[in-house]
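Asker: My structure is in my_file39.cif, and what it holds is mmCIF, C-alpha atoms, pLDDT in the B column; chains and numbers go by the auth columns:
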data_structure
#
loop_
_atom_site.group_PDB
_atom_site.id
_atom_site.type_symbol
_atom_site.label_atom_id
_atom_site.label_comp_id
_atom_site.label_asym_id
_atom_site.label_seq_id
_atom_site.Cartn_x
_atom_site.Cartn_y
_atom_site.Cartn_z
_atom_site.B_iso_or_equiv
_atom_site.auth_seq_id
_atom_site.auth_asym_id
ATOM 1 C CA MET A 1 -8.504 12.368 7.961 44.00 1 A
ATOM 2 C CA SER A 2 -6.139 9.453 7.992 61.00 2 A
ATOM 3 C CA ILE A 3 -7.552 5.913 7.910 72.00 3 A
ATOM 4 C CA SER A 4 -5.999 3.254 10.150 77.00 4 A
ATOM 5 C CA ASP A 5 -4.460 0.103 8.725 76.00 5 A
ATOM 6 C CA ALA A 6 -7.065 -2.047 10.513 74.00 6 A
ATOM 7 C CA GLU A 7 -9.880 -0.124 8.803 76.00 7 A
ATOM 8 C CA ILE A 8 -8.232 -0.627 5.411 75.00 8 A
ATOM 9 C CA PHE A 9 -7.922 -4.374 5.975 72.00 9 A
ATOM 10 C CA ASP A 10 -11.590 -4.457 7.112 70.00 10 A
ATOM 11 C CA ARG A 11 -12.725 -2.644 3.960 73.00 11 A
ATOM 12 C CA TRP A 12 -10.790 -5.087 1.776 70.00 12 A
ATOM 13 C CA LEU A 13 -12.287 -8.041 3.613 67.00 13 A
ATOM 14 C CA ASN A 14 -15.805 -6.660 3.144 64.00 14 A
ATOM 15 C CA LYS A 15 -15.187 -6.143 -0.583 65.00 15 A
ATOM 16 C CA ALA A 16 -13.950 -9.719 -0.926 58.00 16 A
ATOM 17 C CA GLY A 17 -17.060 -11.020 0.818 52.00 17 A
ATOM 18 C CA GLU A 18 -19.372 -9.011 -1.433 51.00 18 A
ATOM 19 C CA TYR A 19 -17.561 -10.129 -4.592 51.00 19 A
ATOM 20 C CA GLY A 20 -18.109 -13.749 -3.659 52.00 20 A
ATOM 21 C CA GLY A 21 -21.766 -13.279 -4.577 51.00 21 A
ATOM 22 C CA ILE A 22 -22.866 -16.219 -2.460 57.00 22 A
ATOM 23 C CA VAL A 23 -24.783 -14.085 0.032 57.00 23 A
ATOM 24 C CA PRO A 24 -26.268 -10.558 -0.161 61.00 24 A
ATOM 25 C CA PRO A 25 -23.906 -7.720 0.883 59.00 25 A
ATOM 26 C CA ARG A 26 -25.768 -6.864 4.110 63.00 26 A
ATOM 27 C CA VAL A 27 -25.563 -10.497 5.247 62.00 27 A
ATOM 28 C CA ALA A 28 -21.939 -10.805 4.085 58.00 28 A
ATOM 29 C CA SER A 29 -20.892 -7.884 6.300 58.00 29 A
ATOM 30 C CA LYS A 30 -22.324 -9.701 9.355 60.00 30 A
ATOM 31 C CA LEU A 31 -20.555 -12.924 8.423 58.00 31 A
ATOM 32 C CA MET A 32 -17.259 -11.061 8.044 59.00 32 A
ATOM 33 C CA ALA A 33 -17.071 -10.378 11.798 60.00 33 A
ATOM 34 C CA GLY A 34 -15.239 -13.691 12.305 59.00 34 A
ATOM 35 C CA GLY A 35 -12.915 -12.876 9.420 60.00 35 A
ATOM 36 C CA ARG A 36 -12.052 -9.545 11.019 62.00 36 A
ATOM 37 C CA LEU A 37 -11.176 -11.265 14.265 64.00 37 A
ATOM 38 C CA VAL A 38 -8.897 -13.717 12.461 64.00 38 A
ATOM 39 C CA MET A 39 -7.315 -10.939 10.377 66.00 39 A
ATOM 40 C CA ARG A 40 -6.461 -8.952 13.512 71.00 40 A
ATOM 41 C CA SER A 41 -4.714 -11.976 15.043 71.00 41 A
ATOM 42 C CA LEU A 42 -2.574 -12.716 11.958 80.00 42 A
ATOM 43 C CA PRO A 43 1.033 -11.493 11.983 81.00 43 A
ATOM 44 C CA THR A 44 1.828 -8.403 9.926 85.00 44 A
ATOM 45 C CA GLU A 45 4.823 -8.545 7.580 90.00 45 A
ATOM 46 C CA THR A 46 6.615 -5.309 6.656 93.00 46 A
ATOM 47 C CA CYS A 47 9.090 -4.555 3.845 95.00 47 A
ATOM 48 C CA THR A 48 10.870 -1.299 3.015 97.00 48 A
ATOM 49 C CA ARG A 49 12.934 0.134 0.189 96.00 49 A
ATOM 50 C CA THR A 50 14.386 3.551 -0.660 95.00 50 A
ATOM 51 C CA ILE A 51 14.876 5.174 -4.077 93.00 51 A
ATOM 52 C CA VAL A 52 16.783 8.456 -4.396 92.00 52 A
ATOM 53 C CA ARG A 53 16.468 10.587 -7.553 91.00 53 A
ATOM 54 C CA ARG A 54 17.272 14.151 -8.508 92.00 54 A
ATOM 55 C CA MET A 55 13.901 15.780 -9.240 91.00 55 A
ATOM 56 C CA ALA A 56 11.559 18.513 -8.068 90.00 56 A
ATOM 57 C CA PRO A 57 9.485 17.649 -4.990 87.00 57 A
ATOM 58 C CA ASP A 58 6.188 18.436 -6.750 89.00 58 A
ATOM 59 C CA LYS A 59 7.092 16.121 -9.623 92.00 59 A
ATOM 60 C CA ALA A 60 8.034 13.385 -7.140 92.00 60 A
ATOM 61 C CA LEU A 61 4.667 13.780 -5.406 91.00 61 A
ATOM 62 C CA ALA A 62 2.839 13.604 -8.750 92.00 62 A
ATOM 63 C CA LEU A 63 4.762 10.458 -9.759 94.00 63 A
ATOM 64 C CA GLY A 64 4.083 8.800 -6.406 93.00 64 A
ATOM 65 C CA THR A 65 0.390 9.641 -6.588 93.00 65 A
ATOM 66 C CA SER A 66 0.183 8.336 -10.153 95.00 66 A
ATOM 67 C CA ALA A 67 1.947 5.068 -9.303 95.00 67 A
ATOM 68 C CA LEU A 68 -0.208 4.310 -6.277 94.00 68 A
ATOM 69 C CA ALA A 69 -3.451 5.288 -8.033 94.00 69 A
ATOM 70 C CA LYS A 70 -2.606 2.970 -10.918 95.00 70 A
ATOM 71 C CA LEU A 71 -1.903 0.010 -8.627 95.00 71 A
ATOM 72 C CA GLY A 72 -4.698 0.405 -6.094 91.00 72 A
ATOM 73 C CA GLU A 73 -6.861 2.728 -4.044 89.00 73 A
ATOM 74 C CA LEU A 74 -5.347 5.896 -2.564 90.00 74 A
ATOM 75 C CA MET A 75 -6.288 6.601 1.048 85.00 75 A
ATOM 76 C CA PRO A 76 -6.584 10.082 2.543 77.00 76 A
ATOM 77 C CA GLU A 77 -3.500 11.068 4.480 70.00 77 A
ATOM 78 C CA ASP A 78 -2.955 14.100 6.713 60.00 78 A
ATOM 79 C CA ASP A 79 0.763 14.619 6.099 59.00 79 A
ATOM 80 C CA ILE A 80 1.369 15.919 2.551 61.00 80 A
ATOM 81 C CA ALA A 81 3.198 19.140 3.443 62.00 81 A
ATOM 82 C CA PRO A 82 6.926 19.715 2.723 63.00 82 A
ATOM 83 C CA PRO A 83 9.589 18.589 3.560 64.00 83 A
ATOM 84 C CA ARG A 84 7.924 15.185 4.149 70.00 84 A
ATOM 85 C CA ARG A 85 5.009 14.094 2.041 85.00 85 A
ATOM 86 C CA VAL A 86 3.232 10.827 2.847 90.00 86 A
ATOM 87 C CA LEU A 87 0.901 8.896 0.555 92.00 87 A
ATOM 88 C CA LYS A 88 -0.996 5.761 1.542 92.00 88 A
ATOM 89 C CA ALA A 89 -2.748 3.197 -0.655 93.00 89 A
ATOM 90 C CA ALA A 90 -4.265 -0.266 -0.508 91.00 90 A
ATOM 91 C CA ILE A 91 -3.159 -2.515 -3.356 93.00 91 A
ATOM 92 C CA GLY A 92 -3.587 -6.157 -4.213 88.00 92 A
ATOM 93 C CA ALA A 93 -0.568 -8.418 -3.904 88.00 93 A
ATOM 94 C CA GLY A 94 0.291 -12.042 -3.195 80.00 94 A
ATOM 95 C CA PHE A 95 -1.245 -14.855 -5.240 80.00 95 A
ATOM 96 C CA LEU A 96 -3.168 -13.296 -8.186 82.00 96 A
ATOM 97 C CA ASN A 97 -2.953 -9.906 -6.418 81.00 97 A
ATOM 98 C CA MET A 98 -5.897 -10.920 -4.224 79.00 98 A
ATOM 99 C CA ASN A 99 -4.456 -10.144 -0.778 84.00 99 A
ATOM 100 C CA PRO A 100 -4.504 -6.597 0.589 87.00 100 A
ATOM 101 C CA ALA A 101 -1.257 -4.757 1.178 92.00 101 A
ATOM 102 C CA ILE A 102 -0.971 -1.275 2.612 93.00 102 A
ATOM 103 C CA VAL A 103 1.641 0.876 0.928 95.00 103 A
ATOM 104 C CA ARG A 104 3.079 3.954 2.610 94.00 104 A
ATOM 105 C CA LEU A 105 5.103 6.136 0.278 94.00 105 A
ATOM 106 C CA GLU A 106 7.046 8.898 1.980 93.00 106 A
ATOM 107 C CA ILE A 107 8.679 11.531 -0.217 92.00 107 A
ATOM 108 C CA VAL A 108 11.448 13.428 1.558 91.00 108 A
ATOM 109 C CA ASP A 109 13.135 16.525 0.127 88.00 109 A
ATOM 110 C CA ARG A 110 16.895 16.504 0.524 85.00 110 A
ATOM 111 C CA GLU A 111 19.025 19.641 0.630 81.00 111 A
ATOM 112 C CA SER A 112 21.071 18.521 -2.375 84.00 112 A
ATOM 113 C CA GLY A 113 18.076 18.843 -4.732 85.00 113 A
ATOM 114 C CA GLU A 114 17.239 15.161 -4.548 89.00 114 A
ATOM 115 C CA CYS A 115 14.041 13.458 -3.466 91.00 115 A
ATOM 116 C CA GLU A 116 13.998 10.268 -1.488 92.00 116 A
ATOM 117 C CA PHE A 117 11.128 7.824 -2.014 94.00 117 A
ATOM 118 C CA ARG A 118 10.731 5.673 1.122 95.00 118 A
ATOM 119 C CA ILE A 119 8.403 2.814 0.292 96.00 119 A
ATOM 120 C CA SER A 120 7.054 0.565 3.032 96.00 120 A
ATOM 121 C CA THR A 121 4.473 -2.173 2.637 95.00 121 A
ATOM 122 C CA ARG A 122 2.462 -4.017 5.283 92.00 122 A
ATOM 123 C CA ALA A 123 0.410 -7.140 4.794 90.00 123 A
ATOM 124 C CA LYS A 124 -1.173 -9.884 6.854 86.00 124 A
ATOM 125 C CA GLU A 125 0.358 -13.324 6.413 83.00 125 A
ATOM 126 C CA GLY A 126 -1.044 -16.701 7.373 77.00 126 A
ATOM 127 C CA PHE A 127 0.428 -18.841 10.116 70.00 127 A
ATOM 128 C CA VAL A 128 1.069 -21.815 7.829 70.00 128 A
ATOM 129 C CA LEU A 129 0.828 -20.717 4.188 74.00 129 A
ATOM 130 C CA LYS A 130 2.801 -17.576 3.379 80.00 130 A
ATOM 131 C CA GLN A 131 2.127 -15.757 0.100 83.00 131 A
ATOM 132 C CA ASN A 132 4.832 -13.091 0.571 88.00 132 A
ATOM 133 C CA THR A 133 2.254 -10.365 0.062 90.00 133 A
ATOM 134 C CA ALA A 134 4.344 -7.485 1.458 92.00 134 A
ATOM 135 C CA PRO A 135 7.467 -8.243 -0.663 93.00 135 A
ATOM 136 C CA LYS A 136 5.335 -8.672 -3.791 93.00 136 A
ATOM 137 C CA ALA A 137 3.557 -5.386 -3.119 94.00 137 A
ATOM 138 C CA LEU A 138 6.934 -3.692 -2.635 95.00 138 A
ATOM 139 C CA GLU A 139 8.143 -5.071 -5.971 95.00 139 A
ATOM 140 C CA ARG A 140 4.977 -3.894 -7.763 94.00 140 A
ATOM 141 C CA VAL A 141 5.261 -0.340 -6.370 96.00 141 A
ATOM 142 C CA THR A 142 9.015 -0.136 -6.976 95.00 142 A
ATOM 143 C CA ALA A 143 8.658 -1.341 -10.574 95.00 143 A
ATOM 144 C CA GLU A 144 5.870 1.168 -11.287 95.00 144 A
ATOM 145 C CA LEU A 145 7.830 4.051 -9.744 94.00 145 A
ATOM 146 C CA ARG A 146 10.996 3.141 -11.641 93.00 146 A
ATOM 147 C CA THR A 147 9.009 2.984 -14.880 93.00 147 A
ATOM 148 C CA LEU A 148 7.472 6.419 -14.263 92.00 148 A
ATOM 149 C CA ILE A 149 10.810 7.919 -13.200 89.00 149 A
ATOM 150 C CA GLY A 150 12.500 6.501 -16.277 84.00 150 A
ATOM 151 C CA LEU A 151 14.882 4.013 -14.697 75.00 151 A
ATOM 152 C CA TYR A 152 13.473 1.197 -16.869 69.00 152 A
ATOM 153 C CA PRO A 153 13.356 1.426 -20.654 52.00 153 A
#
Once you've parsed the file, please lay out its structure as structure tokens.
Answerer:
Amino acid sequence: MSISDAEIFDRWLNKAGEYGGIVPPRVASKLMAGGRLVMRSLPTETCTRTIVRRMAPDKALALGTSALAKLGELMPEDDIAPPRRVLKAAIGAGFLNMNPAIVRLEIVDRESGECEFRISTRAKEGFVLKQNTAPKALERVTAELRTLIGLYP
């Protein structure tokens, strides 16, 4: 079962409240209701990038899974059947990797024996102070994928 982006942001917000350690977790979840309301009203920034490499689709799926698992928490996704495989993860990005970003990695088989990695990131940004969370998340995922693929030494 696929998890919505709003649920992922809510989970991240709850974790942040519990890590603060100021109040017990059951009280923190009640206090987070206002934070959820604010988070839903914040604008969402999106960034995308595509990488095309000649490789087997199963290897591409394994590399994508490995990269996202290393950087964050994989989320269940319904669409992992050929020719389009979709992976979703929540990773930290922005200042000190403390802001949540949702990464959607789509692996598309091409007829020429190539695989296309379509990476898209979504993150909430403040009205005044922008941390560029979505672009930083995109850079983190792209760098990890390129390292695993072998594009970086």
Asker: Hey, what comes out of the PyMOL selection byres ((chain A and resi 131-136) around 9) on this file? Could you write it as a compact mmCIF listing (two decimals) with C-alpha atoms, in the coordinates of the input?
Answerer:
# COMPACT_ATOMS: atom_id res chain seq x y z
CA THR A 44 1.83 -8.40 9.93
CA GLU A 45 4.82 -8.54 7.58
CA THR A 46 6.62 -5.31 6.66
CA CYS A 47 9.09 -4.56 3.84
CA THR A 48 10.87 -1.30 3.02
CA GLY A 92 -3.59 -6.16 -4.21
CA ALA A 93 -0.57 -8.42 -3.90
CA GLY A 94 0.29 -12.04 -3.20
CA PHE A 95 -1.25 -14.86 -5.24
CA ASN A 97 -2.95 -9.91 -6.42
CA ASN A 99 -4.46 -10.14 -0.78
CA PRO A 100 -4.50 -6.60 0.59
CA ALA A 101 -1.26 -4.76 1.18
CA ILE A 102 -0.97 -1.27 2.61
CA VAL A 103 1.64 0.88 0.93
CA SER A 120 7.05 0.56 3.03
CA THR A 121 4.47 -2.17 2.64
CA ARG A 122 2.46 -4.02 5.28
CA ALA A 123 0.41 -7.14 4.79
CA LYS A 124 -1.17 -9.88 6.85
CA GLU A 125 0.36 -13.32 6.41
CA GLY A 126 -1.04 -16.70 7.37
CA LEU A 129 0.83 -20.72 4.19
CA LYS A 130 2.80 -17.58 3.38
CA ALA A 137 3.56 -5.39 -3.12
CA LEU A 138 6.93 -3.69 -2.64
CA GLU A 139 8.14 -5.07 -5.97
CA ARG A 140 4.98 -3.89 -7.76
CA VAL A 141 5.26 -0.34 -6.37
Asker: List as an MDAnalysis selection string the protein and nucleic acid residues near Lys88 of chain A, meaning an atom at most 9 Å away when only C-alpha atoms are counted, but skip any in the same chain fewer than 3 places from it.
Answerer: chainID A and resid 68 73:77 102:106
Asker: With all atoms listed in the file as the basis for distance, which of A:Arg84, A:Arg11, A:Arg49, A:Arg40 is at the shortest distance from Thr142 of chain A?
Answerer: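 Among the listed residues, the smallest separation from Thr142 of chain A belongs to A:Arg49.
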Asker: Going by the chain IDs and residue numbers used in this file, which residues fall under the PyMOL selection byres ((chain A and resi 115) around 12)? Write them as a VMD selection string.
Answerer: chain A and resid 50 to 61 63 to 64 82 to 85 106 to 114 116 to 118 149
Asker: To one decimal place, how far is atom CA of Ala89 of chain A from atom CA of Val128 of chain A in Å?
Answerer: 26.7 Å
Asker: I'd like the interatomic distance between atom CA of Phe9 of chain A and atom CA of Phe127 of chain A, to a tenth of an Å.
Answerer: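 For atom CA of Phe9 of chain A relative to atom CA of Phe127 of chain A, the distance reads 17.2 Å.
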Asker: I'd like the interatomic distance between atom CA of Thr147 of chain A and atom CA of Leu87 of chain A, to a tenth of an Å.
Answerer: 18.4 Å
Asker: From the options A:Ile119, A:Met98, A:Val86, A:Leu71, which residue's atoms come nearest to Glu144 of chain A, counting all atoms listed in the file?
Answerer: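 The closest residue to Glu144 of chain A is A:Leu71.
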